[in-house]
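Listing of run.txt; format and content: compact mmCIF, C-alpha atoms.
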```txt
# COMPACT_ATOMS: atom_id res chain seq x y z
CA MET A 29 -66.31 220.83 -146.12
CA LYS A 30 -63.57 218.23 -145.94
CA ARG A 31 -61.10 220.94 -144.91
CA LEU A 32 -63.39 221.93 -142.05
CA TRP A 33 -63.64 218.33 -140.79
CA LEU A 34 -59.86 217.95 -141.09
CA LEU A 35 -59.30 221.17 -139.17
CA PHE A 36 -61.81 220.05 -136.53
CA ALA A 37 -60.13 216.65 -136.16
CA GLN A 38 -56.69 218.21 -135.81
CA THR A 39 -58.00 220.68 -133.23
CA VAL A 40 -59.59 217.89 -131.17
CA THR A 41 -56.39 215.82 -131.38
CA VAL A 42 -54.24 218.72 -130.16
CA ALA A 43 -56.72 219.49 -127.36
CA LEU A 44 -56.75 215.89 -126.17
CA ALA A 45 -52.95 215.81 -126.27
CA LEU A 46 -52.74 218.96 -124.19
CA TRP A 47 -55.31 217.64 -121.73
CA PHE A 48 -53.39 214.38 -121.32
CA ILE A 49 -50.16 216.24 -120.61
CA VAL A 50 -51.83 218.52 -118.05
CA ALA A 51 -53.71 215.59 -116.44
CA THR A 52 -50.45 213.70 -116.07
CA LEU A 53 -48.17 216.48 -114.89
CA LYS A 54 -50.55 218.96 -113.21
CA PRO A 55 -53.84 217.21 -112.37
CA GLU A 56 -54.66 219.85 -109.77
CA TRP A 57 -55.11 222.41 -112.57
CA LEU A 58 -57.98 220.38 -113.95
CA HIS A 59 -59.53 220.06 -110.47
CA HIS A 60 -59.59 223.82 -110.05
CA SER A 61 -60.58 224.64 -113.60
CA GLY A 62 -63.81 222.69 -113.78
CA ASN A 63 -62.56 219.67 -115.70
CA SER A 64 -64.95 218.70 -118.49
CA PHE A 65 -63.80 215.04 -118.47
CA PRO A 66 -64.70 213.97 -114.94
CA SER A 67 -64.98 210.27 -115.61
CA ILE A 68 -61.44 210.02 -116.98
CA GLN A 69 -60.05 212.23 -114.23
CA GLN A 70 -61.77 210.14 -111.56
CA GLY A 71 -60.23 207.04 -113.08
CA LEU A 72 -56.77 208.59 -112.83
CA ASN A 73 -57.41 209.73 -109.26
CA GLY A 74 -58.48 206.19 -108.35
CA ILE A 75 -54.99 204.81 -108.98
CA ARG A 76 -53.12 204.45 -105.69
CA SER A 77 -49.54 203.34 -105.04
CA ALA A 78 -48.88 200.62 -102.47
CA PRO A 79 -48.29 202.12 -99.00
CA SER A 80 -44.73 202.43 -97.83
CA SER A 81 -43.57 199.69 -95.46
CA ASN A 82 -42.76 202.48 -93.03
CA SER A 83 -46.37 203.63 -92.87
CA PRO A 84 -48.04 203.65 -89.43
CA GLY A 85 -50.07 200.51 -88.75
CA THR A 86 -48.01 198.27 -91.05
CA ALA A 87 -47.48 194.86 -89.40
CA SER A 88 -43.73 194.69 -88.90
CA TYR A 89 -41.44 193.71 -86.06
CA ARG A 90 -38.37 195.39 -87.52
CA ASP A 91 -37.99 197.69 -84.51
CA ALA A 92 -38.08 194.79 -82.04
CA ALA A 93 -35.64 192.75 -84.12
CA GLY A 94 -33.37 195.72 -84.70
CA LYS A 95 -33.26 196.44 -80.98
CA ALA A 96 -32.36 192.88 -79.93
CA MET A 97 -30.25 191.52 -82.79
CA PRO A 98 -26.98 193.34 -81.94
CA SER A 99 -26.93 191.72 -78.49
CA VAL A 100 -27.27 188.16 -79.87
CA VAL A 101 -23.93 186.56 -80.71
CA ASN A 102 -22.71 183.46 -82.50
CA ILE A 103 -20.67 181.05 -80.37
CA TYR A 104 -18.13 178.65 -81.86
CA THR A 105 -16.52 176.02 -79.65
CA SER A 106 -13.97 173.28 -80.11
CA LYS A 107 -12.54 170.53 -77.93
CA GLU A 108 -10.23 167.55 -78.10
CA VAL A 109 -11.98 164.20 -78.29
CA LYS A 110 -10.47 160.75 -78.29
CA ARG A 111 -11.57 158.39 -81.04
CA GLN A 112 -11.51 154.67 -80.40
CA HIS A 113 -9.37 152.57 -82.69
CA ASN A 114 -10.93 150.08 -85.08
CA PRO A 115 -12.94 147.53 -83.07
CA TRP A 116 -11.35 144.78 -85.14
CA MET A 117 -8.12 145.55 -83.34
CA ASN A 118 -9.63 144.18 -80.12
CA ASP A 119 -9.28 140.71 -81.55
CA PRO A 120 -6.56 138.85 -79.58
CA PHE A 121 -5.15 137.36 -82.78
CA LEU A 122 -4.65 140.78 -84.39
CA LYS A 123 -3.24 142.22 -81.15
CA ARG A 124 -0.43 139.62 -81.31
CA PHE A 125 0.74 141.10 -84.61
CA PHE A 126 -0.09 144.80 -84.28
CA GLY A 127 0.00 145.31 -80.51
CA GLU A 128 -2.26 147.67 -78.51
CA GLN A 129 -3.45 150.53 -80.72
CA PRO A 130 -3.51 154.02 -79.13
CA GLN A 131 -6.62 156.21 -79.23
CA ARG A 132 -6.65 158.97 -81.83
CA GLU A 133 -7.20 162.58 -80.75
CA GLU A 134 -9.32 164.86 -82.91
CA ARG A 135 -10.72 168.34 -82.57
CA GLN A 136 -14.51 168.54 -82.57
CA SER A 137 -16.28 171.81 -83.39
CA SER A 138 -19.81 172.92 -82.59
CA LEU A 139 -21.84 176.10 -82.71
CA GLY A 140 -24.56 177.88 -80.79
CA SER A 141 -25.77 181.32 -79.80
CA GLY A 142 -25.66 183.61 -76.79
CA VAL A 143 -27.01 186.91 -75.50
CA ILE A 144 -24.93 189.80 -74.17
CA VAL A 145 -26.51 190.85 -70.87
CA SER A 146 -23.90 193.23 -69.45
CA THR A 147 -21.58 195.97 -70.69
CA SER A 148 -18.89 194.11 -68.71
CA GLY A 149 -19.00 191.37 -71.34
CA TYR A 150 -21.12 188.72 -69.63
CA ILE A 151 -23.03 186.47 -72.03
CA LEU A 152 -25.86 184.06 -71.23
CA THR A 153 -25.97 180.82 -73.17
CA ASN A 154 -26.74 177.12 -72.69
CA ASN A 155 -24.52 174.81 -70.71
CA HIS A 156 -24.63 172.24 -73.51
CA VAL A 157 -23.26 174.84 -75.95
CA VAL A 158 -19.99 175.34 -74.04
CA GLU A 159 -19.77 172.11 -72.04
CA SER A 160 -16.25 170.61 -72.08
CA ALA A 161 -15.07 173.19 -74.63
CA ASP A 162 -11.43 174.21 -74.40
CA GLU A 163 -11.75 177.01 -76.97
CA ILE A 164 -14.70 179.40 -77.28
CA GLU A 165 -14.96 182.17 -79.87
CA VAL A 166 -17.75 184.75 -79.93
CA ALA A 167 -18.73 186.64 -83.09
CA LEU A 168 -20.75 189.87 -82.83
CA THR A 169 -23.08 191.24 -85.47
CA ASP A 170 -20.74 194.19 -86.08
CA GLY A 171 -18.01 191.82 -87.26
CA ARG A 172 -15.92 191.80 -84.11
CA LYS A 173 -14.69 188.49 -82.67
CA ALA A 174 -13.26 187.62 -79.28
CA SER A 175 -12.20 184.63 -77.24
CA ALA A 176 -14.45 183.87 -74.28
CA LYS A 177 -13.90 182.20 -70.94
CA ILE A 178 -16.43 180.28 -68.89
CA ILE A 179 -17.43 182.06 -65.69
CA GLY A 180 -19.71 179.28 -64.47
CA THR A 181 -22.27 176.70 -65.54
CA ASP A 182 -25.47 175.25 -64.15
CA PRO A 183 -26.30 171.87 -65.72
CA GLU A 184 -29.54 171.66 -63.74
CA THR A 185 -31.03 174.53 -65.77
CA ASP A 186 -28.75 174.08 -68.81
CA LEU A 187 -27.43 177.62 -68.41
CA ALA A 188 -23.91 179.00 -68.58
CA VAL A 189 -22.28 182.40 -68.24
CA ILE A 190 -19.26 183.24 -70.38
CA LYS A 191 -17.32 186.50 -70.67
CA ILE A 192 -15.52 188.44 -73.39
CA ASP A 193 -13.23 191.44 -73.01
CA LEU A 194 -14.50 194.00 -75.50
CA GLY A 195 -15.76 197.55 -75.10
CA ASN A 196 -18.84 199.29 -76.41
CA LEU A 197 -21.01 196.19 -76.27
CA PRO A 198 -24.70 196.10 -77.25
CA VAL A 199 -26.70 194.79 -74.28
CA ALA A 200 -30.11 193.09 -74.30
CA THR A 201 -32.98 194.69 -72.40
CA LEU A 202 -34.40 192.15 -69.97
CA GLY A 203 -38.16 191.71 -70.16
CA ASN A 204 -40.70 190.30 -67.70
CA SER A 205 -41.14 186.61 -68.50
CA ASP A 206 -43.61 186.22 -65.63
CA GLN A 207 -46.12 188.24 -67.66
CA ALA A 208 -45.77 186.12 -70.81
CA GLN A 209 -49.12 184.63 -71.83
CA VAL A 210 -50.30 182.13 -74.40
CA GLY A 211 -50.87 183.90 -77.70
CA ASP A 212 -48.23 186.61 -77.23
CA VAL A 213 -46.15 187.21 -80.37
CA VAL A 214 -42.46 186.37 -79.89
CA LEU A 215 -39.33 186.33 -82.04
CA ALA A 216 -36.46 183.83 -81.83
CA ILE A 217 -32.97 185.05 -82.75
CA GLY A 218 -29.97 182.80 -83.24
CA ASN A 219 -27.59 181.10 -85.65
CA PRO A 220 -29.41 177.99 -86.95
CA TYR A 221 -27.14 175.46 -88.69
CA GLY A 222 -24.45 178.16 -88.84
CA VAL A 223 -26.14 180.01 -91.73
CA GLY A 224 -25.85 183.33 -89.88
CA GLN A 225 -28.04 185.35 -87.58
CA THR A 226 -31.69 184.58 -88.26
CA VAL A 227 -34.99 185.90 -86.87
CA THR A 228 -38.13 183.75 -86.79
CA MET A 229 -41.59 184.61 -85.53
CA GLY A 230 -44.27 182.74 -83.61
CA ILE A 231 -46.40 182.93 -80.52
CA VAL A 232 -46.16 181.70 -76.95
CA SER A 233 -47.73 178.25 -77.19
CA ALA A 234 -47.61 177.44 -73.46
CA VAL A 235 -45.92 178.57 -70.24
CA GLY A 236 -44.66 176.55 -67.29
CA ARG A 237 -43.81 173.45 -69.35
CA THR A 238 -42.13 170.72 -67.26
CA ASN A 239 -41.00 167.08 -67.42
CA LEU A 240 -39.15 167.55 -70.70
CA GLY A 241 -35.82 165.96 -69.84
CA ASP A 242 -33.29 165.24 -67.14
CA ASN A 243 -32.86 168.85 -66.02
CA GLY A 244 -33.93 169.26 -62.40
CA PHE A 245 -35.41 172.76 -62.68
CA GLN A 246 -37.93 173.23 -65.45
CA SER A 247 -40.55 175.83 -66.22
CA PHE A 248 -40.16 176.49 -69.93
CA ILE A 249 -41.84 178.93 -72.29
CA GLN A 250 -43.04 176.92 -75.29
CA THR A 251 -43.15 178.62 -78.68
CA ASP A 252 -43.82 177.73 -82.30
CA ALA A 253 -41.20 180.21 -83.57
CA ALA A 254 -38.79 178.12 -85.64
CA VAL A 255 -35.84 177.02 -83.48
CA ASN A 256 -33.18 174.72 -84.95
CA PRO A 257 -29.73 173.37 -84.01
CA GLY A 258 -27.51 176.41 -83.55
CA ASN A 259 -30.31 178.48 -81.98
CA SER A 260 -29.41 177.07 -78.56
CA GLY A 261 -28.48 179.88 -76.19
CA GLY A 262 -30.09 182.51 -78.42
CA ALA A 263 -32.80 185.02 -77.56
CA LEU A 264 -36.56 184.75 -77.36
CA ILE A 265 -37.88 188.33 -77.38
CA ASP A 266 -41.24 190.08 -77.18
CA VAL A 267 -42.65 192.56 -79.71
CA ASN A 268 -40.84 195.40 -77.94
CA GLY A 269 -37.45 193.73 -78.37
CA ASN A 270 -37.11 192.77 -74.70
CA LEU A 271 -35.49 189.47 -73.72
CA LEU A 272 -38.08 186.94 -72.50
CA GLY A 273 -36.00 183.78 -72.47
CA ILE A 274 -32.99 181.77 -73.59
CA ASN A 275 -33.81 179.21 -76.29
CA THR A 276 -32.65 175.82 -75.09
CA ALA A 277 -34.40 172.85 -76.68
CA ILE A 278 -36.76 171.60 -79.36
CA TYR A 279 -39.07 168.66 -79.70
CA SER A 280 -38.27 166.96 -82.97
CA GLN A 281 -38.15 163.52 -84.52
CA ASN A 282 -35.94 164.58 -87.41
CA GLY A 283 -33.61 167.09 -85.77
CA GLY A 284 -35.27 170.13 -87.35
CA SER A 285 -38.00 172.48 -86.20
CA VAL A 286 -41.54 171.13 -86.06
CA GLY A 287 -42.91 174.16 -84.25
CA ILE A 288 -42.27 173.01 -80.68
CA GLY A 289 -39.42 174.92 -79.06
CA PHE A 290 -38.62 175.70 -75.44
CA ALA A 291 -36.95 178.67 -73.76
CA ILE A 292 -35.76 179.21 -70.19
CA PRO A 293 -37.64 182.25 -68.78
CA ILE A 294 -35.35 185.22 -68.24
CA ALA A 295 -36.59 185.53 -64.64
CA SER A 296 -35.02 182.13 -63.86
CA ALA A 297 -31.98 182.74 -66.06
CA ARG A 298 -31.26 186.04 -64.32
CA GLN A 299 -31.20 184.41 -60.88
CA VAL A 300 -28.81 181.75 -62.12
CA MET A 301 -26.59 184.32 -63.82
CA GLU A 302 -26.38 186.62 -60.80
CA SER A 303 -25.53 183.69 -58.52
CA ILE A 304 -22.80 182.47 -60.87
CA ILE A 305 -21.25 185.93 -61.23
CA SER A 306 -21.37 186.78 -57.52
CA GLN A 307 -20.57 183.36 -56.01
CA GLY A 308 -19.05 181.31 -58.80
CA GLN A 309 -21.84 178.75 -58.57
CA VAL A 310 -25.59 178.50 -58.14
CA VAL A 311 -26.59 178.29 -54.48
CA ARG A 312 -30.06 176.84 -53.94
CA GLY A 313 -32.27 176.07 -51.01
CA TRP A 314 -32.89 172.45 -49.95
CA ILE A 315 -34.98 170.72 -47.32
CA GLY A 316 -33.99 167.09 -47.87
CA VAL A 317 -37.05 165.23 -49.07
CA GLU A 318 -37.93 162.81 -51.82
CA LEU A 319 -41.09 163.72 -53.70
CA GLN A 320 -43.81 161.91 -55.58
CA GLU A 321 -46.43 163.34 -57.91
CA ILE A 322 -50.09 163.06 -56.88
CA THR A 323 -52.04 161.23 -59.57
CA PRO A 324 -55.86 161.21 -59.63
CA GLU A 325 -55.78 157.55 -58.56
CA LEU A 326 -53.45 158.29 -55.66
CA ALA A 327 -55.54 161.28 -54.61
CA ASP A 328 -58.63 159.06 -54.59
CA SER A 329 -56.94 156.37 -52.50
CA LEU A 330 -55.77 158.98 -49.96
CA GLY A 331 -59.18 160.64 -49.82
CA LEU A 332 -57.89 163.94 -51.17
CA LYS A 333 -60.28 166.49 -52.64
CA MET A 334 -57.92 167.33 -55.53
CA ALA A 335 -54.78 165.94 -57.16
CA SER A 336 -52.62 168.90 -56.20
CA GLY A 337 -49.47 169.20 -54.12
CA ALA A 338 -46.45 166.94 -53.66
CA ILE A 339 -46.32 163.79 -51.54
CA ILE A 340 -43.29 163.39 -49.29
CA ALA A 341 -42.09 159.91 -50.27
CA GLY A 342 -38.97 160.05 -48.11
CA VAL A 343 -37.13 162.32 -45.67
CA VAL A 344 -33.34 162.64 -45.35
CA ARG A 345 -32.37 161.80 -41.79
CA ASP A 346 -31.15 164.87 -39.85
CA GLY A 347 -31.99 167.06 -42.86
CA PRO A 348 -33.94 170.35 -42.64
CA ALA A 349 -37.33 168.68 -43.22
CA PHE A 350 -36.57 165.92 -40.70
CA ARG A 351 -35.67 168.45 -38.01
CA ALA A 352 -38.85 170.44 -38.75
CA GLY A 353 -41.07 167.39 -38.23
CA ILE A 354 -42.02 166.60 -41.82
CA LYS A 355 -42.80 162.89 -42.28
CA PRO A 356 -43.33 160.51 -45.21
CA ILE A 357 -46.86 160.59 -46.66
CA ASP A 358 -47.25 164.25 -45.66
CA ILE A 359 -48.45 166.37 -48.58
CA LEU A 360 -46.65 169.64 -49.14
CA ILE A 361 -49.16 172.24 -50.33
CA ASP A 362 -47.59 175.66 -49.71
CA VAL A 363 -44.12 177.25 -49.50
CA GLU A 364 -43.88 180.79 -48.13
CA GLY A 365 -47.47 181.55 -49.11
CA LYS A 366 -47.12 180.20 -52.66
CA PRO A 367 -49.23 177.17 -53.60
CA VAL A 368 -47.56 173.91 -54.59
CA ARG A 369 -49.39 172.19 -57.43
CA SER A 370 -46.72 169.66 -58.38
CA THR A 371 -43.31 168.32 -57.41
CA ASN A 372 -41.74 170.72 -59.91
CA ASP A 373 -43.44 173.66 -58.17
CA MET A 374 -42.01 172.56 -54.85
CA LEU A 375 -38.54 172.05 -56.33
CA ASN A 376 -38.49 175.55 -57.83
CA LEU A 377 -39.99 177.31 -54.82
CA VAL A 378 -37.60 175.74 -52.29
CA SER A 379 -34.57 176.27 -54.53
CA GLN A 380 -35.23 180.02 -54.54
CA LEU A 381 -35.03 180.23 -50.74
CA LYS A 382 -31.81 181.39 -49.15
CA PRO A 383 -29.91 178.72 -47.20
CA GLY A 384 -30.09 179.49 -43.48
CA SER A 385 -33.40 181.33 -43.77
CA ASN A 386 -36.49 180.28 -41.81
CA ALA A 387 -39.31 179.36 -44.19
CA LYS A 388 -42.99 178.68 -43.57
CA ILE A 389 -44.08 175.44 -45.18
CA LYS A 390 -47.63 174.17 -45.04
CA ILE A 391 -48.37 170.45 -45.20
CA LEU A 392 -51.48 168.30 -45.23
CA ARG A 393 -51.46 165.41 -42.77
CA ASN A 394 -54.55 163.24 -42.39
CA ASN A 395 -56.48 165.97 -44.24
CA ASN A 396 -55.45 168.53 -41.60
CA GLU A 397 -53.35 171.55 -42.54
CA ILE A 398 -50.21 172.06 -40.45
CA LEU A 399 -47.86 175.06 -40.67
CA LEU A 400 -44.19 174.23 -40.03
CA HIS A 401 -41.06 176.36 -39.85
CA VAL A 402 -38.10 174.91 -41.73
CA VAL A 403 -34.52 176.20 -41.61
CA ILE A 404 -33.47 175.96 -45.26
CA GLY A 405 -30.29 174.07 -46.06
CA LYS A 406 -27.93 174.34 -49.02
CA ARG A 407 -28.80 172.07 -51.90
CA PRO A 408 -26.03 169.53 -52.66
CA GLN A 409 -24.63 169.84 -56.16
CA PHE A 410 -26.16 167.74 -58.93
CA LYS A 411 -28.66 165.94 -56.70
CA LYS A 412 -32.06 165.13 -58.11
CA ASP A 413 -33.85 164.59 -54.82
CA ASP A 414 -35.00 167.49 -52.69
```
Whole structure given in structure tokens:
Amino acid sequence: MKRLWLLFAQTVTVALALWFIVATLKPEWLHHSGNSFPSIQQGLNGIRSAPSSNSPGTASYRDAAGKAMPSVVNIYTSKEVKRQHNPWMNDPFLKRFFGEQPQREERQSSLGSGVIVSTSGYILTNNHVVESADEIEVALTDGRKASAKIIGTDPETDLAVIKIDLGNLPVATLGNSDQAQVGDVVLAIGNPYGVGQTVTMGIVSAVGRTNLGDNGFQSFIQTDAAVNPGNSGGALIDVNGNLLGINTAIYSQNGGSVGIGFAIPIASARQVMESIISQGQVVRGWIGVELQEITPELADSLGLKMASGAIIAGVVRDGPAFRAGIKPIDILIDVEGKPVRSTNDMLNLVSQLKPGSNAKIKILRNNNEILLHVVIGKRPQFKKDD
């Protein structure tokens, strides 16, 4: 009897071993052969590997980043700066013994980013990245390096165009920044703190941001994608890898990212770039007026229905506005069919007009709308009044 039980136990052991081997290596055999251990088989079938990161529907922006990254470059600049001598040496007593001390010259280095926008080697970046630099070196993601020269700058938008002489350049695809909306996912690409090319992700936090500094022309895209020193001049792209803007500034109390960054829309940057390349400078329209924002209190005192538009605080004598009949206290409400909601709107709309062209400008005078024709002048360089 014991021999029978021993034989039975050995037979069961061998059978289980064979089943385990078949279930592991050829589970489909059991499925087709009417498996007599369904609960165990179902348990094995319930084990699933994690999906591949390449699977459809996986949340990844690798394609967008991969498309745009080659066109974003690192920019290294240097310039000679004069250091003041020790302030103690200004003391008349010490000057008698040591004489007048000369200023010391030192080389100062800085870094930033840029975006290749043409196979001819043109690169968009910030004016403050290359300002006053006497040496500019550009490093591409493929390891190539080249010296760059400044084609032109526009301090009023903090943009600059530089150029390198290399072939087979990766070029950014320009997107449509006018269609950017709050909540859109965006990626920022640049060289923060010189650690190397870095991609960060966020959303569009706001569009049309103004009054953020001394720059005359402002209509920034705000984003919470991390932007730090060194990102200046780099790319802000959409989820398709298209260039939406040039990263230019951050709001920060400690110098690092706090989730409030600003980019110049590519629609504005493109106009500046094309003007610099074709004419060597940015040519803007100008009508010769001084503007004032309409506050709710001012609107109430003037009997206005809404605090919208721009008050003409002053008119340049013999300027385009003066010759067209525009007077102080007039309220500019429309330029070429486009509404003016603020002084910044007016500044941007007029600047886009071609000097010498005849523009239709609508004003409000004593609560009556008047349509005037103004021959647009050329905006003087580096003036803040329009």
Selection near Leu319 (chain A), 10 Å with only C-alpha atoms, sequence-local residues under 3 positions removed, as a short mmCIF file (atom, residue, chain, number, x, y, z; two decimals) with C-alpha atoms, keeping the file's coordinate frame:
```cif
data_model
loop_
_atom_site.label_atom_id
_atom_site.label_comp_id
_atom_site.auth_asym_id
_atom_site.auth_seq_id
_atom_site.Cartn_x
_atom_site.Cartn_y
_atom_site.Cartn_z
CA GLY A 316 -33.99 167.09 -47.87
CA ILE A 322 -50.09 163.06 -56.88
CA ALA A 338 -46.45 166.94 -53.66
CA ILE A 339 -46.32 163.79 -51.54
CA ILE A 340 -43.29 163.39 -49.29
CA ALA A 341 -42.09 159.91 -50.27
CA GLY A 342 -38.97 160.05 -48.11
CA VAL A 343 -37.13 162.32 -45.67
CA PRO A 356 -43.33 160.51 -45.21
CA ILE A 357 -46.86 160.59 -46.66
CA ILE A 359 -48.45 166.37 -48.58
CA LEU A 360 -46.65 169.64 -49.14
CA SER A 370 -46.72 169.66 -58.38
CA THR A 371 -43.31 168.32 -57.41
CA ASN A 372 -41.74 170.72 -59.91
CA MET A 374 -42.01 172.56 -54.85
CA LEU A 375 -38.54 172.05 -56.33
CA ASP A 413 -33.85 164.59 -54.82
CA ASP A 414 -35.00 167.49 -52.69
#
```
>> With only C-alpha atoms as the counted atoms, please give the residues lying no more than 12 Å from Ile144 (chain A), apart from itself and same-chain residues fewer than 2 positions off, as a count of residues only.
In response: 41
>> Would you pick out the contacts of region 385-392 of chain A at 12 Å or less, using all atoms listed in the file, so that residues sharing its chain but fewer than 4 positions from it are not included, and give the list as a VMD selection string?
In response: chain A and resid 312 to 315 330 to 333 336 to 340 348 to 349 352 to 368 374 377 to 381 396 to 406
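In this comparison, which uses all atoms listed in the file, the residue of A:Asp212, A:Val300, A:Asp328, A:Asn376 approaching Gly180 (chain A) most closely is A:Val300.
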> Interatomic distance between CA of Glu318 (chain A) and CA of Ile249 (chain A)?
Replying inline: 26.3 Å
